[in-house]
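K.L.:
File model.txt below, compact mmCIF, C-alpha atoms:
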# COMPACT_ATOMS: atom_id res chain seq x y z
CA MET Z 1 3.57 29.90 -63.33
CA LYS Z 2 -0.21 30.50 -63.51
CA LYS Z 3 -0.63 27.12 -65.18
CA ILE Z 4 1.36 25.37 -62.40
CA LEU Z 5 -0.68 27.11 -59.71
CA ALA Z 6 -3.91 26.14 -61.46
CA VAL Z 7 -2.85 22.48 -61.64
CA ALA Z 8 -1.81 22.50 -57.97
CA LEU Z 9 -5.09 24.12 -56.93
CA SER Z 10 -7.08 21.61 -58.96
CA ALA Z 11 -5.20 18.72 -57.33
CA ALA Z 12 -5.83 20.14 -53.86
CA VAL Z 13 -9.52 20.59 -54.56
CA SER Z 14 -9.75 17.05 -55.95
CA ALA Z 15 -8.01 15.62 -52.86
CA GLY Z 16 -10.37 17.52 -50.59
CA ALA Z 17 -13.39 16.37 -52.52
CA PHE Z 18 -12.15 12.77 -52.35
CA ALA Z 19 -11.70 12.95 -48.59
CA GLN Z 20 -15.17 14.40 -48.15
CA ALA Z 21 -16.66 11.63 -50.30
CA PHE Z 22 -14.90 8.82 -48.44
CA PRO Z 23 -15.93 6.07 -48.47
CA SER Z 24 -16.91 6.13 -52.12
CA LYS Z 25 -16.98 2.33 -52.57
CA PRO Z 26 -16.93 -0.81 -50.39
CA ILE Z 27 -14.17 -1.01 -47.79
CA THR Z 28 -12.20 -4.25 -47.58
CA ILE Z 29 -10.73 -5.37 -44.27
CA VAL Z 30 -7.90 -7.79 -45.00
CA VAL Z 31 -7.29 -10.46 -42.35
CA PRO Z 32 -3.95 -12.23 -42.87
CA PHE Z 33 -5.27 -15.58 -41.61
CA ALA Z 34 -7.89 -18.13 -42.56
CA ALA Z 35 -11.53 -17.57 -41.68
CA GLY Z 36 -12.78 -18.69 -38.31
CA GLY Z 37 -9.81 -17.83 -36.10
CA PRO Z 38 -9.68 -15.19 -33.33
CA THR Z 39 -8.33 -12.41 -35.59
CA ASP Z 40 -10.98 -13.13 -38.22
CA THR Z 41 -13.68 -12.97 -35.53
CA VAL Z 42 -12.34 -9.64 -34.23
CA ALA Z 43 -12.30 -8.21 -37.76
CA ARG Z 44 -15.85 -9.32 -38.54
CA GLN Z 45 -17.20 -7.88 -35.30
CA LEU Z 46 -15.31 -4.66 -36.00
CA ALA Z 47 -16.70 -4.46 -39.55
CA GLU Z 48 -20.22 -4.47 -38.14
CA ALA Z 49 -19.37 -1.78 -35.60
CA LEU Z 50 -17.68 0.45 -38.20
CA ARG Z 51 -20.59 0.56 -40.66
CA GLU Z 52 -22.70 3.19 -38.91
CA PRO Z 53 -19.88 5.64 -38.01
CA LEU Z 54 -18.71 5.39 -41.64
CA GLY Z 55 -22.12 6.45 -42.96
CA GLY Z 56 -23.53 2.99 -43.59
CA ALA Z 57 -20.56 1.90 -45.69
CA THR Z 58 -20.37 -1.59 -47.16
CA ILE Z 59 -17.50 -3.36 -45.38
CA VAL Z 60 -16.30 -6.81 -46.40
CA VAL Z 61 -13.71 -9.05 -44.79
CA GLU Z 62 -11.15 -10.77 -47.03
CA ASN Z 63 -8.93 -13.57 -45.75
CA ALA Z 64 -5.42 -13.58 -47.22
CA ALA Z 65 -3.60 -16.26 -45.25
CA GLY Z 66 -0.02 -17.50 -45.46
CA ALA Z 67 3.57 -16.95 -44.35
CA GLY Z 68 2.68 -16.09 -40.77
CA GLY Z 69 0.41 -13.23 -41.81
CA THR Z 70 2.94 -11.47 -44.03
CA ILE Z 71 1.09 -12.22 -47.29
CA GLY Z 72 -2.01 -10.37 -46.15
CA ALA Z 73 0.02 -7.53 -44.66
CA ASN Z 74 1.96 -7.10 -47.89
CA LYS Z 75 -1.31 -7.06 -49.86
CA VAL Z 76 -2.44 -4.02 -47.87
CA ALA Z 77 0.98 -2.35 -48.00
CA ARG Z 78 0.80 -2.50 -51.81
CA ALA Z 79 -2.88 -1.52 -52.11
CA ALA Z 80 -4.10 1.86 -53.38
CA PRO Z 81 -3.69 4.38 -50.54
CA ASP Z 82 -7.28 5.57 -50.59
CA GLY Z 83 -8.61 4.11 -47.34
CA HIS Z 84 -10.72 1.43 -49.01
CA THR Z 85 -8.29 -1.38 -48.15
CA ILE Z 86 -7.31 -1.74 -44.50
CA LEU Z 87 -5.56 -4.38 -42.42
CA VAL Z 88 -6.62 -5.87 -39.10
CA TRP Z 89 -3.76 -7.85 -37.56
CA HIS Z 90 -2.54 -8.87 -34.16
CA ILE Z 91 0.86 -8.85 -32.42
CA GLY Z 92 2.27 -10.39 -35.61
CA MET Z 93 2.80 -6.87 -36.98
CA ALA Z 94 5.55 -6.52 -34.36
CA ALA Z 95 6.68 -10.14 -34.09
CA THR Z 96 7.31 -10.75 -37.80
CA ALA Z 97 9.82 -7.89 -37.82
CA GLY Z 98 12.03 -10.17 -35.72
CA LEU Z 99 10.90 -13.59 -36.94
CA TYR Z 100 11.50 -12.80 -40.62
CA ARG Z 101 14.91 -11.37 -41.49
CA LYS Z 102 13.57 -10.44 -44.95
CA LEU Z 103 10.10 -8.93 -45.20
CA PRO Z 104 8.48 -7.62 -48.42
CA TYR Z 105 7.42 -4.47 -46.53
CA LYS Z 106 8.61 -2.29 -43.65
CA PRO Z 107 6.24 -2.46 -40.67
CA LEU Z 108 6.93 1.07 -39.44
CA GLU Z 109 7.22 2.74 -42.84
CA ASP Z 110 4.73 1.16 -45.24
CA PHE Z 111 1.52 1.65 -43.25
CA GLU Z 112 -0.60 4.40 -41.77
CA TYR Z 113 -1.34 3.47 -38.17
CA LEU Z 114 -5.05 3.86 -37.42
CA GLY Z 115 -5.38 2.73 -33.80
CA MET Z 116 -5.47 -0.28 -31.52
CA ILE Z 117 -8.57 -2.42 -31.08
CA ASN Z 118 -8.12 -4.79 -28.15
CA ASP Z 119 -5.83 -6.67 -25.80
CA VAL Z 120 -6.12 -10.40 -25.17
CA PRO Z 121 -4.43 -11.32 -21.86
CA MET Z 122 -2.35 -14.47 -21.49
CA THR Z 123 -1.97 -16.98 -18.68
CA LEU Z 124 0.96 -19.10 -17.57
CA LEU Z 125 -0.23 -22.69 -17.15
CA GLY Z 126 1.11 -25.92 -15.74
CA SER Z 127 0.10 -29.54 -16.20
CA PRO Z 128 -1.94 -31.11 -13.38
CA LYS Z 129 1.11 -33.32 -12.77
CA VAL Z 130 3.41 -30.38 -11.94
CA PRO Z 131 3.95 -30.43 -8.15
CA ALA Z 132 3.28 -26.73 -7.59
CA ASN Z 133 0.08 -24.82 -6.86
CA THR Z 134 1.37 -21.24 -6.57
CA TYR Z 135 3.61 -19.20 -8.84
CA ARG Z 136 6.40 -19.09 -6.23
CA ASP Z 137 6.40 -22.87 -5.90
CA PHE Z 138 6.19 -23.22 -9.67
CA GLU Z 139 9.17 -20.89 -10.17
CA SER Z 140 11.20 -22.88 -7.63
CA TYR Z 141 10.29 -26.08 -9.43
CA ILE Z 142 11.37 -24.65 -12.80
CA ARG Z 143 14.69 -23.36 -11.48
CA ALA Z 144 15.43 -26.69 -9.79
CA ASN Z 145 14.59 -28.83 -12.82
CA GLY Z 146 15.84 -26.64 -15.68
CA GLY Z 147 16.21 -28.50 -18.94
CA LYS Z 148 14.00 -31.36 -17.75
CA VAL Z 149 10.90 -29.19 -18.06
CA ASN Z 150 8.96 -29.22 -21.36
CA LEU Z 151 7.38 -26.05 -22.73
CA ALA Z 152 4.60 -26.48 -25.29
CA HIS Z 153 3.69 -23.92 -27.91
CA ALA Z 154 1.43 -23.73 -30.96
CA GLY Z 155 4.17 -23.21 -33.55
CA LEU Z 156 6.89 -20.73 -34.41
CA GLY Z 157 5.65 -17.17 -34.06
CA SER Z 158 2.43 -18.17 -32.30
CA ALA Z 159 1.23 -16.31 -29.22
CA SER Z 160 2.25 -19.20 -26.99
CA HIS Z 161 5.70 -19.35 -28.61
CA LEU Z 162 6.35 -15.63 -28.10
CA CYS Z 163 5.10 -15.73 -24.53
CA GLY Z 164 7.32 -18.70 -23.72
CA LEU Z 165 10.37 -16.95 -25.16
CA MET Z 166 9.70 -13.73 -23.25
CA TRP Z 167 9.05 -15.54 -19.99
CA GLN Z 168 12.25 -17.59 -20.21
CA SER Z 169 14.23 -14.47 -21.07
CA ALA Z 170 12.79 -12.56 -18.12
CA MET Z 171 13.46 -15.50 -15.79
CA LYS Z 172 17.15 -15.63 -16.78
CA LEU Z 173 17.20 -19.40 -16.35
CA ASP Z 174 20.50 -21.25 -16.12
CA LYS Z 175 19.14 -23.91 -18.45
CA SER Z 176 16.58 -23.31 -21.20
CA LEU Z 177 13.38 -25.30 -21.13
CA THR Z 178 12.80 -27.94 -23.78
CA ALA Z 179 10.43 -26.37 -26.30
CA ILE Z 180 7.95 -28.63 -28.08
CA ALA Z 181 6.14 -27.17 -31.10
CA TYR Z 182 2.64 -28.27 -32.06
CA ARG Z 183 0.44 -27.53 -35.05
CA GLY Z 184 -1.91 -25.28 -33.16
CA THR Z 185 -3.08 -24.64 -29.62
CA ALA Z 186 -5.56 -27.52 -29.39
CA PRO Z 187 -3.06 -30.41 -29.59
CA ALA Z 188 -0.64 -28.53 -27.32
CA MET Z 189 -3.39 -28.04 -24.73
CA ASN Z 190 -4.42 -31.70 -24.96
CA ASP Z 191 -0.89 -32.82 -24.12
CA LEU Z 192 -0.65 -30.28 -21.29
CA ILE Z 193 -3.86 -31.64 -19.79
CA GLY Z 194 -2.56 -35.19 -20.20
CA GLY Z 195 0.78 -34.39 -18.59
CA GLN Z 196 2.91 -35.10 -21.68
CA VAL Z 197 4.24 -31.55 -21.37
CA ASP Z 198 4.71 -29.41 -18.27
CA LEU Z 199 4.10 -25.80 -19.19
CA MET Z 200 2.36 -23.51 -21.67
CA CYS Z 201 1.59 -19.80 -21.91
CA ASP Z 202 -1.38 -18.85 -24.07
CA GLN Z 203 -4.31 -16.49 -24.64
CA THR Z 204 -7.26 -16.38 -22.29
CA THR Z 205 -9.45 -17.19 -25.31
CA ASN Z 206 -7.84 -20.65 -25.29
CA THR Z 207 -7.12 -21.18 -21.59
CA THR Z 208 -10.02 -19.88 -19.49
CA SER Z 209 -12.34 -22.85 -19.99
CA GLN Z 210 -9.55 -25.32 -19.18
CA ILE Z 211 -8.65 -23.45 -15.99
CA GLU Z 212 -12.29 -23.21 -14.95
CA ALA Z 213 -12.75 -26.96 -15.46
CA GLY Z 214 -9.65 -27.70 -13.35
CA ARG Z 215 -7.88 -29.49 -16.20
CA VAL Z 216 -4.75 -27.33 -15.89
CA LYS Z 217 -3.11 -25.21 -13.19
CA ALA Z 218 -2.91 -21.44 -13.66
CA TYR Z 219 -0.09 -19.52 -12.01
CA ALA Z 220 -0.07 -15.94 -13.28
CA VAL Z 221 -1.26 -13.52 -15.95
CA THR Z 222 1.03 -11.65 -18.33
CA THR Z 223 -0.62 -8.22 -18.16
CA ALA Z 224 0.86 -5.20 -16.38
CA LYS Z 225 -2.11 -5.03 -13.99
CA ARG Z 226 -4.32 -7.69 -12.46
CA LEU Z 227 -7.44 -8.65 -14.40
CA ASP Z 228 -9.81 -7.26 -11.75
CA ASP Z 229 -12.83 -7.50 -14.03
CA HIS Z 230 -12.23 -11.10 -15.11
CA LYS Z 231 -14.51 -13.46 -13.17
CA LEU Z 232 -11.94 -16.27 -13.10
CA LEU Z 233 -8.50 -14.68 -13.36
CA LYS Z 234 -8.97 -11.66 -11.08
CA ASP Z 235 -7.20 -13.37 -8.18
CA TYR Z 236 -4.10 -14.45 -10.09
CA PRO Z 237 -0.93 -12.33 -9.77
CA THR Z 238 0.84 -10.65 -12.65
CA LEU Z 239 4.37 -11.68 -13.57
CA GLN Z 240 5.46 -8.15 -12.71
CA GLU Z 241 4.16 -8.70 -9.16
CA MET Z 242 6.21 -11.86 -9.05
CA GLY Z 243 9.40 -9.95 -9.78
CA LEU Z 244 9.68 -10.01 -13.58
CA LYS Z 245 10.20 -6.28 -14.07
CA ASP Z 246 8.21 -4.60 -16.87
CA PHE Z 247 6.75 -7.92 -18.09
CA ASN Z 248 3.64 -7.05 -20.07
CA LEU Z 249 2.45 -9.17 -22.96
CA THR Z 250 -0.97 -9.31 -24.58
CA ILE Z 251 -2.11 -10.50 -27.98
CA TRP Z 252 -3.40 -7.19 -29.27
CA HIS Z 253 -5.17 -6.34 -32.51
CA ALA Z 254 -4.96 -3.09 -34.47
CA MET Z 255 -5.97 -1.43 -37.74
CA TYR Z 256 -3.75 -0.14 -40.57
CA ALA Z 257 -4.02 1.53 -43.99
CA PRO Z 258 -1.45 1.73 -46.81
CA LYS Z 259 1.19 4.43 -46.46
CA GLY Z 260 0.16 7.63 -48.21
CA THR Z 261 -3.54 7.37 -47.41
CA PRO Z 262 -4.75 11.01 -47.19
CA ALA Z 263 -4.77 12.51 -43.70
CA ASP Z 264 -8.47 13.37 -43.89
CA VAL Z 265 -9.27 9.76 -44.72
CA THR Z 266 -7.13 8.32 -41.93
CA LYS Z 267 -8.84 10.73 -39.52
CA LYS Z 268 -12.26 9.50 -40.63
CA LEU Z 269 -11.15 5.91 -40.13
CA ASN Z 270 -9.69 6.65 -36.70
CA ASP Z 271 -12.79 8.59 -35.65
CA ALA Z 272 -14.96 5.68 -36.77
CA LEU Z 273 -12.76 3.24 -34.87
CA LYS Z 274 -13.14 5.25 -31.66
CA VAL Z 275 -16.93 5.13 -32.04
CA ALA Z 276 -16.87 1.40 -32.83
CA LEU Z 277 -14.85 0.64 -29.70
CA LYS Z 278 -17.67 2.10 -27.60
CA ASP Z 279 -20.42 0.16 -29.35
CA PRO Z 280 -22.05 -2.00 -26.62
CA LYS Z 281 -22.55 -4.94 -28.98
CA PHE Z 282 -18.89 -4.85 -30.04
CA VAL Z 283 -17.67 -4.53 -26.44
CA LYS Z 284 -19.83 -7.49 -25.42
CA GLY Z 285 -18.55 -9.55 -28.33
CA GLN Z 286 -14.97 -8.84 -27.33
CA GLU Z 287 -15.67 -9.78 -23.73
CA MET Z 288 -17.02 -13.11 -24.92
CA LEU Z 289 -13.71 -13.65 -26.73
CA GLY Z 290 -11.79 -12.89 -23.54
CA ALA Z 291 -10.52 -9.63 -25.03
CA VAL Z 292 -10.39 -6.16 -23.46
CA VAL Z 293 -11.25 -3.19 -25.68
CA VAL Z 294 -8.48 -0.57 -25.72
CA LYS Z 295 -9.38 2.69 -24.01
CA ASP Z 296 -6.01 4.42 -23.63
CA ASN Z 297 -3.96 6.60 -26.00
CA ARG Z 298 -3.16 3.60 -28.20
CA VAL Z 299 -6.48 4.24 -29.95
CA THR Z 300 -4.76 7.27 -31.53
CA PRO Z 301 -2.46 6.79 -34.54
CA GLU Z 302 0.46 8.28 -32.61
CA GLY Z 303 -0.06 6.12 -29.55
CA HIS Z 304 -0.62 3.05 -31.70
CA LYS Z 305 2.63 3.49 -33.62
CA ALA Z 306 4.67 4.27 -30.49
CA PHE Z 307 3.37 1.07 -28.88
CA VAL Z 308 4.17 -1.11 -31.91
CA THR Z 309 7.65 0.43 -32.14
CA GLN Z 310 8.28 -0.61 -28.53
CA GLN Z 311 6.87 -4.08 -29.15
CA ILE Z 312 9.09 -4.63 -32.20
CA GLY Z 313 12.17 -3.88 -30.12
CA ALA Z 314 11.11 -6.05 -27.19
CA LEU Z 315 10.14 -9.06 -29.32
CA LYS Z 316 13.17 -8.84 -31.60
CA THR Z 317 15.45 -8.94 -28.56
CA VAL Z 318 14.06 -12.24 -27.30
CA ILE Z 319 13.77 -13.76 -30.79
CA ASP Z 320 17.39 -12.90 -31.59
CA ALA Z 321 18.52 -14.28 -28.24
CA ALA Z 322 16.72 -17.54 -28.95
CA GLY Z 323 17.93 -17.63 -32.57
CA GLN Z 324 14.54 -18.91 -33.73
CA TYR Z 325 13.52 -17.45 -37.10
CA ALA Z 326 10.74 -18.20 -39.55
CA ASP Z 327 12.81 -17.78 -42.72
Here is the file; what I need is its structure written in the form of structure tokens.
P.N.:
Amino acid sequence: MKKILAVALSAAVSAGAFAQAFPSKPITIVVPFAAGGPTDTVARQLAEALREPLGGATIVVENAAGAGGTIGANKVARAAPDGHTILVWHIGMAATAGLYRKLPYKPLEDFEYLGMINDVPMTLLGSPKVPANTYRDFESYIRANGGKVNLAHAGLGSASHLCGLMWQSAMKLDKSLTAIAYRGTAPAMNDLIGGQVDLMCDQTTNTTSQIEAGRVKAYAVTTAKRLDDHKLLKDYPTLQEMGLKDFNLTIWHAMYAPKGTPADVTKKLNDALKVALKDPKFVKGQEMLGAVVVKDNRVTPEGHKAFVTQQIGALKTVIDAAGQYAD
């Protein structure tokens, strides 16, 4: 018995010493996409903001792209649970639970939730050729023309694809719109501007400049509240205001560690995240991306996980209804 107690005490002391020493080596932030995209930019800005609150730690960003983000996520799920490998991912953490009927990991069980980072609002856009200038007129046009209307998106599982699915579901249209998939937002936006397609819903990071230049028509934002602080979109209504009850969709980013990471380590990471989210340079960088830094209870592990749980359910419902899967 004394020997067992001694071993247990030694293990406890070792675990405590480890937590106190964290980080004891470079921290790797895994981004499940190629370098240069919005998620990669968010992760690199966050890495800079995390260094000081983590005691000057060396933080590197590793891109592990493929399979809609699931390769990178699985890499973190299978990593040593010591806090030195973390994941920064967007709404895909929730969306892939519906898009992929077989995942190599369980989103709600194989990760420690560390907190949300930001929200990127979305806008509902029409081609300049669409004969409607307000959301009410646009909605009437859609309901009258049904299956004749084309809806562009940037590929299965993309932000624009998910937004289009959710909007159609909330609208309860008699006839589904004709979805046209593109290899990315840029070609989809080009065809929207040219009038080859009628409608698209996408992130403000991709749409604001086009709206400002008058190349497309904006009708509404997808957030729960108006974007009062956004110089261009502050006067546009939310879809909730327009009668789509509880419609709230943003392309959010968040931070995760492998399941089993010690509680003291996850607390240090969460505490560092909270400090990073108040860093003026980081906040400014996010504003330039069109993102809003999270300030509510989703910055806590509990609030973060509760939010993702809700998002998984909401997105799976519309994905199942559409019958559009990635596998």
K.L.:
Using all atoms listed in the file, which of Z:Gln196, Z:Leu99, Z:Val61, Z:Glu112 sits nearest Lys305 (chain Z)?
P.N.:
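Counting all atoms listed in the file, the residue closest to Lys305 (chain Z) is Z:Glu112.
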K.L.:
Any idea what's packed within 9 Å of region 231-240 of chain Z, counting all atoms listed in the file, ignoring anything in its chain fewer than 2 positions away? Could you give it as a ChimeraX atom specification?
P.N.:
/Z:123,135,167,208,211-212,218-229,242-248
K.L.:
Can you pull out the residues contacting Glu302 (chain Z)? Cut-off 9 Å, using only C-alpha atoms, and skip same-chain residues under 3 positions away; I want them as an MDAnalysis selection string.
P.N.:
chainID Z and resid 113:115 297:299 305:307
K.L.:
Hey, could you make a per-residue contact list for region 234-323 of chain Z against region 19-36 of chain Z with 12 Å as the cut-off, showing the nearest pair of atoms and its distance in Å to one decimal, counting only C-alpha atoms, sorted by chain and number, as a Markdown table?
P.N.:
| residue | atom | partner | partner_atom | distance |
| --- | --- | --- | --- | --- |
| Z:His253 | CA | Z:Val31 | CA | 10.9 |
| Z:Ala254 | CA | Z:Val31 | CA | 11.0 |
| Z:Met255 | CA | Z:Ile29 | CA | 9.0 |
| Z:Tyr256 | CA | Z:Ile29 | CA | 9.5 |
| Z:Ala257 | CA | Z:Ile29 | CA | 9.6 |
| Z:Pro258 | CA | Z:Val30 | CA | 11.6 |
| Z:Thr261 | CA | Z:Ala19 | CA | 10.0 |
| Z:Pro262 | CA | Z:Ala19 | CA | 7.4 |
| Z:Ala263 | CA | Z:Ala19 | CA | 8.5 |
| Z:Asp264 | CA | Z:Ala19 | CA | 5.7 |
| Z:Val265 | CA | Z:Ala19 | CA | 5.6 |
| Z:Thr266 | CA | Z:Ala19 | CA | 9.3 |
| Z:Lys267 | CA | Z:Ala19 | CA | 9.8 |
| Z:Lys268 | CA | Z:Phe22 | CA | 8.3 |
| Z:Leu269 | CA | Z:Phe22 | CA | 9.6 |
| Z:Ala272 | CA | Z:Pro23 | CA | 11.7 |
K.L.:
List the spatial neighbours of His161 (chain Z) as a list in words - criterion: any atom at most 9 Å away, only C-alpha atoms, same-chain residues fewer than 6 positions off excluded.
P.N.:
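Within the cut-off, the hits are Ala152, His153, Ala154, Gly155, Ala179, Ala181, Met200, Cys201 and Asp202 of chain Z.
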K.L.:
Got a sec: who's within 12 Å of Gly323 (chain Z), counting all atoms listed in the file, leaving out chain neighbours fewer than 5 positions off, as a CSV table (one decimal) with C-alpha atoms, in the frame of the given file?
P.N.:
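The file below, around31.csv, is the result:
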chain,number,residue,atom,x,y,z
Z,98,GLY,CA,12.0,-10.2,-35.7
Z,99,LEU,CA,10.9,-13.6,-36.9
Z,100,TYR,CA,11.5,-12.8,-40.6
Z,101,ARG,CA,14.9,-11.4,-41.5
Z,156,LEU,CA,6.9,-20.7,-34.4
Z,165,LEU,CA,10.4,-17.0,-25.2
Z,316,LYS,CA,13.2,-8.8,-31.6
Z,317,THR,CA,15.4,-8.9,-28.6
Z,318,VAL,CA,14.1,-12.2,-27.3
K.L.:
Do you have the CA of Ser176 (chain Z)-CA of Gly146 (chain Z) distance handy?
P.N.:
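Computing it gives 6.5 Å between the two atoms.
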K.L.:
May I ask which of the residues Z:Thr58, Z:Leu151, Z:Lys217, Z:Gln310 is the closest one to Ala132 (chain Z), counting all atoms listed in the file?
P.N.:
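Checking each of Z:Thr58, Z:Leu151, Z:Lys217, Z:Gln310 against Ala132 (chain Z), counting all atoms listed in the file, the winner is Z:Lys217.
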K.L.:
Choose the residue, out of Z:Val275, Z:Ala291, Z:Ile251, Z:Leu125, that has the smallest atom-to-atom separation from Ala188 (chain Z); count all atoms listed in the file.
P.N.:
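Counting all atoms listed in the file, the residue closest to Ala188 (chain Z) is Z:Leu125.
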K.L.:
Report as JSON the centre and the edge lengths, in Å to one decimal, of the axis-aligned box holding every listed atom of region 59-63 of chain Z, padded by 3 Å on each side.
P.N.:
{"center_x": -13.2, "center_y": -8.5, "center_z": -45.9, "size_x": 14.6, "size_y": 16.2, "size_z": 8.2}
K.L.:
Quick one, how far is CA of Ala64 (chain Z) from CA of Phe111 (chain Z)?
P.N.:
17.2 Å
K.L.:
Smallest atom-to-atom distance to Gly37 (chain Z): which of Z:Ile312, Z:Val60, Z:Ala170, Z:Ala65, using only C-alpha atoms?
P.N.:
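Nearest to Gly37 (chain Z): Z:Ala65.
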K.L.:
Rank nothing, just name the residue among Z:Ala80, Z:Ala321, Z:Ala57, Z:Leu199 nearest to Pro131 (chain Z), using all atoms listed in the file.
P.N.:
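Under the stated criterion, the closest residue is Z:Leu199.
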K.L.:
For CA of Val216 (chain Z) and CA of Ser127 (chain Z), quote the distance in Å rounded to one decimal.
P.N.:
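Value for the CA of Val216 (chain Z)-CA of Ser127 (chain Z) distance: 5.3 Å.
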K.L.:
Which of these, Z:Gln286, Z:Thr205, Z:Ser169, Z:Gln210, has the shortest distance to Asp320 (chain Z) once you count all atoms listed in the file?
P.N.:
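Of Z:Gln286, Z:Thr205, Z:Ser169, Z:Gln210, the one nearest Asp320 (chain Z), counting all atoms listed in the file, is Z:Ser169.
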K.L.:
Do you know which residues are at most 10 Å from Lys148 (chain Z) counting all atoms listed in the file, after dropping those on the same chain fewer than 5 positions away, and could you put them as a ChimeraX atom specification?
P.N.:
/Z:142,175-178,198
